[in-house]
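**Q** model_30.txt (compact mmCIF, C-alpha atoms) pasted underneath:
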```
# COMPACT_ATOMS: atom_id res chain seq x y z
CA MET A 199 -29.13 196.20 -196.50
CA SER A 200 -29.99 192.54 -197.15
CA LEU A 201 -33.43 191.02 -196.69
CA ALA A 202 -32.07 188.99 -193.77
CA LYS A 203 -30.83 192.07 -191.92
CA ASP A 204 -33.98 194.03 -192.71
CA LEU A 205 -36.10 191.26 -191.25
CA LEU A 206 -33.94 191.20 -188.13
CA THR A 207 -34.37 194.96 -187.70
CA GLN A 208 -38.10 194.61 -188.32
CA ALA A 209 -38.35 191.86 -185.68
CA ARG A 210 -37.10 194.21 -182.96
CA GLN A 211 -39.30 197.05 -184.20
CA LEU A 212 -42.39 194.84 -184.03
CA ALA A 213 -41.50 193.51 -180.59
CA THR A 214 -41.29 197.05 -179.21
CA ARG A 215 -44.01 198.63 -181.36
CA GLU A 216 -46.64 199.22 -178.65
CA PRO A 217 -45.05 200.99 -175.65
CA LYS A 218 -47.38 199.56 -172.98
CA ARG A 219 -49.59 196.63 -173.93
CA PRO A 220 -48.06 194.78 -176.84
CA LYS A 221 -50.48 193.25 -179.29
CA GLN A 222 -50.18 189.53 -179.87
CA ALA A 223 -50.16 190.25 -183.60
CA SER A 224 -47.03 192.41 -183.22
CA LEU A 225 -45.23 189.88 -181.01
CA ARG A 226 -46.11 186.94 -183.24
CA ARG A 227 -44.96 188.77 -186.37
CA ALA A 228 -41.76 189.75 -184.57
CA ILE A 229 -40.99 186.10 -183.83
CA SER A 230 -41.77 185.13 -187.39
CA ALA A 231 -39.50 187.88 -188.72
CA ALA A 232 -36.71 186.78 -186.36
CA TYR A 233 -36.89 183.22 -187.69
CA TYR A 234 -37.05 184.27 -191.31
CA SER A 235 -34.10 186.61 -190.86
CA LEU A 236 -31.93 183.65 -189.87
CA PHE A 237 -33.50 181.44 -192.55
CA HIS A 238 -32.64 183.96 -195.27
CA LEU A 239 -29.18 184.59 -193.87
CA LEU A 240 -28.30 180.89 -194.04
CA THR A 241 -29.98 180.04 -197.33
CA GLY A 242 -28.40 183.12 -198.91
CA GLU A 243 -24.97 182.10 -197.66
CA ALA A 244 -25.50 178.54 -198.90
CA ALA A 245 -26.53 179.70 -202.36
CA LYS A 246 -23.49 181.99 -202.60
CA LEU A 247 -21.21 179.20 -201.45
CA LEU A 248 -22.53 176.57 -203.84
CA LEU A 249 -23.20 178.75 -206.89
CA ARG A 250 -20.21 181.05 -207.16
CA GLY A 251 -19.34 183.25 -210.10
CA ASN A 252 -21.28 185.49 -212.46
CA GLU A 253 -22.49 182.61 -214.62
CA LEU A 254 -24.18 180.85 -211.75
CA GLN A 255 -25.41 183.88 -209.82
CA PRO A 256 -28.80 183.91 -211.59
CA PHE A 257 -29.45 180.44 -210.20
CA GLN A 258 -28.92 181.47 -206.58
CA GLY A 259 -32.49 182.68 -206.20
CA LEU A 260 -33.80 179.40 -207.62
CA MET A 261 -31.61 177.38 -205.31
CA ARG A 262 -32.88 179.23 -202.24
CA ARG A 263 -36.34 177.95 -203.12
CA ALA A 264 -35.05 174.38 -202.80
CA PHE A 265 -34.53 174.62 -199.03
CA ASN A 266 -37.06 172.80 -196.90
CA HIS A 267 -37.73 174.16 -193.42
CA SER A 268 -38.24 170.78 -191.79
CA ALA A 269 -35.14 169.24 -193.39
CA MET A 270 -33.09 172.27 -192.35
CA LYS A 271 -34.30 171.83 -188.78
CA THR A 272 -33.25 168.17 -188.80
CA ALA A 273 -29.76 169.14 -189.96
CA ALA A 274 -29.47 172.03 -187.51
CA ARG A 275 -30.58 169.80 -184.64
CA ALA A 276 -27.89 167.26 -185.50
CA PHE A 277 -25.22 170.00 -185.55
CA ALA A 278 -26.44 171.59 -182.34
CA GLY A 279 -26.80 168.34 -180.45
CA GLY A 280 -23.70 166.60 -181.75
CA THR A 281 -25.84 163.82 -183.23
CA LEU A 282 -24.63 163.78 -186.82
CA THR A 283 -24.56 160.28 -188.28
CA PRO A 284 -21.13 158.59 -187.92
CA LYS A 285 -20.60 158.61 -191.67
CA ILE A 286 -21.14 162.37 -191.87
CA SER A 287 -19.34 163.31 -188.66
CA GLY A 288 -16.42 161.15 -189.86
CA ALA A 289 -15.90 163.58 -192.72
CA PHE A 290 -15.05 166.39 -190.29
CA THR A 291 -11.41 166.83 -189.43
CA GLY A 292 -12.01 169.67 -186.98
CA SER A 293 -14.57 170.05 -184.23
CA ILE A 294 -17.80 172.01 -184.48
CA SER A 295 -17.31 175.23 -182.54
CA LEU A 296 -19.65 176.43 -179.80
CA ASP A 297 -20.50 179.45 -181.97
CA LEU A 298 -21.63 177.24 -184.84
CA MET A 299 -23.55 174.96 -182.47
CA THR A 300 -25.29 178.04 -181.06
CA VAL A 301 -26.28 179.22 -184.55
CA ALA A 302 -27.68 175.75 -185.30
CA SER A 303 -29.50 175.64 -181.98
CA ALA A 304 -30.99 179.10 -182.56
CA PHE A 305 -32.31 177.93 -185.91
CA VAL A 306 -34.11 174.99 -184.26
CA ASP A 307 -35.51 177.14 -181.43
CA LEU A 308 -36.63 179.96 -183.70
CA GLN A 309 -38.30 177.64 -186.18
CA ASP A 310 -40.35 176.07 -183.39
CA ALA A 311 -41.23 179.50 -182.00
CA ARG A 312 -42.21 180.68 -185.47
CA HIS A 313 -44.50 177.69 -185.82
CA GLN A 314 -46.19 178.47 -182.50
CA ALA A 315 -46.38 182.17 -183.30
CA ASP A 316 -48.04 181.59 -186.64
CA TYR A 317 -50.34 178.65 -185.88
CA ASP A 318 -50.78 177.98 -182.16
CA LEU A 319 -53.25 180.34 -180.51
CA SER A 320 -53.40 178.33 -177.28
CA HIS A 321 -50.24 180.08 -176.06
CA SER A 322 -49.72 183.80 -175.69
CA PHE A 323 -46.32 185.42 -176.04
CA THR A 324 -45.01 188.08 -173.69
CA ARG A 325 -42.82 191.00 -174.74
CA ARG A 326 -39.78 189.70 -172.90
CA GLU A 327 -40.29 186.23 -174.28
CA THR A 328 -40.40 187.76 -177.74
CA LEU A 329 -37.40 190.02 -177.20
CA ASP A 330 -35.43 187.02 -175.95
CA LEU A 331 -36.12 185.24 -179.26
CA VAL A 332 -35.22 188.36 -181.25
CA GLU A 333 -31.94 188.62 -179.31
CA MET A 334 -31.33 184.95 -180.00
CA ALA A 335 -31.54 185.70 -183.72
CA GLU A 336 -29.28 188.78 -183.33
CA ASP A 337 -26.77 186.66 -181.43
CA ALA A 338 -26.89 184.01 -184.17
CA PHE A 339 -26.07 186.69 -186.76
CA ARG A 340 -23.05 187.83 -184.71
CA ARG A 341 -21.80 184.30 -184.17
CA TRP A 342 -22.29 183.44 -187.84
CA GLN A 343 -19.96 186.28 -188.81
CA LEU A 344 -17.30 184.71 -186.57
CA VAL A 345 -17.53 181.24 -188.09
CA ARG A 346 -18.74 181.69 -191.67
CA LYS A 347 -15.33 181.11 -193.21
CA GLN A 348 -14.64 177.93 -191.26
CA VAL A 349 -14.92 174.66 -193.16
CA GLU A 350 -17.37 173.31 -190.57
CA ALA A 351 -19.67 176.29 -191.17
CA LYS A 352 -19.54 175.71 -194.92
CA ALA A 353 -20.32 172.03 -194.33
CA PHE A 354 -23.25 173.14 -192.16
CA LEU A 355 -24.66 175.15 -195.08
CA VAL A 356 -24.33 172.17 -197.40
CA MET A 357 -25.98 169.91 -194.83
CA LEU A 358 -28.94 172.27 -194.46
CA LEU A 359 -29.75 171.25 -198.02
CA SER A 360 -28.59 167.63 -198.09
CA TYR A 361 -28.55 166.14 -194.58
CA GLU A 362 -32.04 164.70 -194.75
CA SER A 363 -31.21 162.51 -197.75
CA LEU A 364 -27.61 161.76 -196.74
CA ARG A 365 -28.43 160.51 -193.25
CA LYS A 366 -30.60 157.71 -194.67
CA ARG A 367 -27.84 156.28 -196.87
CA MET B 146 -37.82 157.24 -173.62
CA ASN B 147 -39.73 158.51 -176.63
CA ASP B 148 -42.78 158.94 -174.43
CA PRO B 149 -43.03 162.67 -173.68
CA SER B 150 -44.88 161.94 -170.43
CA SER B 151 -41.81 160.17 -169.11
CA ALA B 152 -41.15 160.69 -165.42
CA ALA B 153 -37.50 161.18 -166.36
CA VAL B 154 -38.34 164.59 -167.78
CA GLU B 155 -39.99 165.62 -164.54
CA ILE B 156 -36.97 164.48 -162.51
CA ALA B 157 -34.58 166.33 -164.84
CA ILE B 158 -36.55 169.56 -164.52
CA GLU B 159 -36.73 169.23 -160.73
CA LYS B 160 -32.95 168.83 -160.74
CA LEU B 161 -32.50 171.80 -163.06
CA ARG B 162 -34.62 173.92 -160.72
CA THR B 163 -32.10 173.37 -157.92
CA GLU B 164 -29.20 174.42 -160.15
CA LEU B 165 -30.62 177.68 -161.49
CA PRO B 166 -29.69 181.08 -160.02
CA GLU B 167 -31.82 182.72 -157.31
CA SER B 168 -33.06 185.26 -159.84
CA VAL B 169 -35.32 182.53 -161.22
CA LYS B 170 -38.71 182.70 -159.52
CA ARG B 171 -40.29 179.59 -160.99
CA LEU B 172 -40.37 177.24 -163.97
CA HIS B 173 -43.24 176.03 -166.10
CA TYR B 174 -42.96 173.16 -168.49
CA GLU B 175 -45.08 171.34 -170.98
CA LEU B 176 -44.50 168.03 -172.70
CA GLY B 177 -45.65 167.54 -176.25
CA PHE B 178 -44.70 166.91 -179.82
CA GLU B 179 -43.08 169.20 -182.33
CA ALA B 180 -44.62 169.90 -185.72
CA GLU B 181 -42.50 167.03 -187.11
CA GLY B 182 -43.84 164.61 -184.49
CA GLU B 183 -40.72 164.46 -182.31
CA PRO B 184 -41.27 164.57 -178.54
CA ALA B 185 -40.13 167.81 -176.94
CA VAL B 186 -40.27 169.85 -173.77
CA TRP B 187 -41.16 173.53 -173.60
CA LEU B 188 -39.69 175.15 -170.52
CA TRP B 189 -40.52 178.69 -169.37
CA VAL B 190 -38.03 180.26 -167.00
CA VAL B 191 -39.59 183.09 -165.00
CA PHE B 192 -37.24 185.77 -163.67
CA LYS B 193 -38.03 187.69 -160.48
CA ASP B 194 -39.06 191.27 -161.25
CA ALA B 195 -36.57 192.56 -158.68
CA ASP B 196 -33.67 190.94 -160.55
CA ILE B 197 -34.68 191.80 -164.09
CA GLU B 198 -32.45 194.86 -164.42
CA THR B 199 -29.28 193.03 -163.48
CA GLN B 200 -29.93 189.41 -164.44
CA TRP B 201 -31.89 189.62 -167.70
CA THR B 202 -28.87 189.34 -169.94
CA LEU B 203 -28.31 187.33 -173.09
CA GLU B 204 -25.31 185.72 -171.41
CA ASN B 205 -27.38 184.48 -168.45
CA ARG B 206 -30.21 183.25 -170.65
CA THR B 207 -27.80 181.43 -172.97
CA GLU B 208 -26.18 179.79 -169.97
CA ILE B 209 -29.56 178.58 -168.65
CA ARG B 210 -30.42 177.21 -172.10
CA GLN B 211 -27.13 175.35 -172.20
CA GLN B 212 -27.64 174.04 -168.65
CA ALA B 213 -31.04 172.64 -169.56
CA THR B 214 -29.79 171.05 -172.78
CA GLN B 215 -26.76 169.57 -171.03
CA LEU B 216 -28.83 168.14 -168.21
CA PHE B 217 -31.26 166.48 -170.62
CA ARG B 218 -28.35 165.04 -172.60
CA GLU B 219 -26.58 163.71 -169.51
CA THR B 220 -29.81 162.13 -168.29
CA GLY B 221 -30.27 160.40 -171.64
CA ILE B 222 -33.49 162.22 -172.48
CA PRO B 223 -33.63 162.66 -176.26
CA HIS B 224 -36.26 165.42 -176.20
CA TRP B 225 -35.27 168.83 -177.50
CA VAL B 226 -35.82 171.37 -174.75
CA TYR B 227 -37.17 174.71 -175.91
CA VAL B 228 -36.36 177.30 -173.26
CA ARG B 229 -38.36 180.52 -173.14
CA PHE B 230 -38.04 183.38 -170.68
CA ARG B 231 -40.54 185.69 -168.99
CA SER B 232 -40.59 188.17 -166.18
CA GLU B 233 -42.61 187.53 -163.01
CA SER B 234 -45.09 190.34 -163.74
CA GLU B 235 -45.67 189.14 -167.30
CA ASP B 236 -46.24 185.63 -166.03
CA LYS B 237 -49.10 186.80 -163.79
CA GLN B 238 -50.89 188.36 -166.73
CA LEU B 239 -51.11 185.11 -168.65
CA PRO B 240 -53.92 182.58 -168.20
CA ALA B 241 -52.99 179.21 -166.69
CA SER B 242 -53.08 176.19 -168.96
CA ASN B 243 -54.05 172.69 -167.87
CA ASN B 244 -51.15 171.17 -169.76
CA ILE B 245 -48.47 173.28 -168.11
CA VAL B 246 -46.76 172.13 -164.92
CA THR B 247 -45.22 174.69 -162.56
CA VAL B 248 -42.13 173.89 -160.49
```
Before anything else, please render the file you have as structure tokens.

**A**
Amino acid sequence: MSLAKDLLTQARQLATREPKRPKQASLRRAISAAYYSLFHLLTGEAAKLLLRGNELQPFQGLMRRAFNHSAMKTAARAFAGGTLTPKISGAFTGSISLDLMTVASAFVDLQDARHQADYDLSHSFTRRETLDLVEMAEDAFRRWQLVRKQVEAKAFLVMLLSYESLRKR
Amino acid sequence: MNDPSSAAVEIAIEKLRTELPESVKRLHYELGFEAEGEPAVWLWVVFKDADIETQWTLENRTEIRQQATQLFRETGIPHWVYVRFRSESEDKQLPASNNIVTV
């Protein structure tokens, strides 16, 4: 099983680890794992898309290190909210499907939740709140399988890496 | 409209409250800034304990998320709205925060 899927499985395990009174540590790590599962799914798909073939495969791991969380969030937000710059949206011949928008939206939501889970101790998480976020990641995985071969989904992967610099030109 | 304390956010959330299903007991929200400095709203939707078994579905929660996003967009509020969900009994266990408004 891939790292992305393992992290997704681990997220649910952590969210349900203590039967009665869940520990904040378990819930926070569950949220973090849910975010990183989607992060690794998308960066892995992008690396495979952009560096195809045996010759380039060794570079896929290096390329995955090039992704920046904040820049990915900016791109995902633009896809989810339909706010791509005119120059970039003009390159699309088809429309962005609801499934792809939901994947992009989940990425934005989960990254914010991960940030709170890892750094913000002023808020506590509940089990249901955590399970909702884990299910959001699971839903994003399912929806990604439906759209991953669409040209808009491939463009989304490219934009996760390049949108931040392209939108300023 | 980049001011997260904008009254427009409050009006939008009041309107959203009237559109949500009866299984929603209450809403909490907090205005603030994301890690990147963008203004945002965090909205907690609290489900009634009595309706959890039948209404706590991914489909219902996704619909509420979409409703909130759509309403903000239609109202011209650029803030990203982060929607979180809790049950009524969980909500009682958590300490109140001064920055959070309950509707």

**Q** Atom CA of Val349 of chain A and atom CA of Leu331 of chain A are how many Å apart?

**A** 27.5 Å

**Q** Would you kindly report the residues of chain B within 8 Å of chain A, using all atoms listed in the file, as a PyMOL selection string?

**A** chain B and resi 179-181+203+227+229-232+235+239

**Q** Leu358 of chain A: which residues within 6 Å, counting only C-alpha atoms, same-chain residues fewer than 2 positions away excluded, as a list in words?

**A**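 Here the qualifying residues turn out to be Met270, Ala273, Leu355, Val356 and Ser360 of chain A.
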
**Q** Restricting the calculation to all atoms listed in the file: of B:Ile197, B:Val246, B:Leu216, B:Ser234, which residue gets closest to Ala157 of chain B?

**A**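 That would be B:Leu216, the residue with the smallest distance to Ala157 of chain B.
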
**Q** Quick one: pull the distance between atom CA of Arg171 of chain B and atom CA of Ile209 of chain B, Å, one decimal.

**A**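 Rounded to one decimal, the two atoms are 13.2 Å apart.
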
**Q** The centre and edge lengths of an axis-aligned box containing all atoms of segment 181-197 of chain B present in the file, extended by 4 Å on each side, are to be given in Å to one decimal, as lines of an AutoDock Vina configuration file.

**A**
```
center_x = -38.8
center_y = 178.5
center_z = -172.9
size_x = 18.2
size_y = 36.1
size_z = 36.4
```

**Q** Considering only C-alpha atoms, can you say which of A:Ala351, A:Val332, A:Met261, A:Leu296 comes closest to Ala231 of chain A?

**A** A:Val332
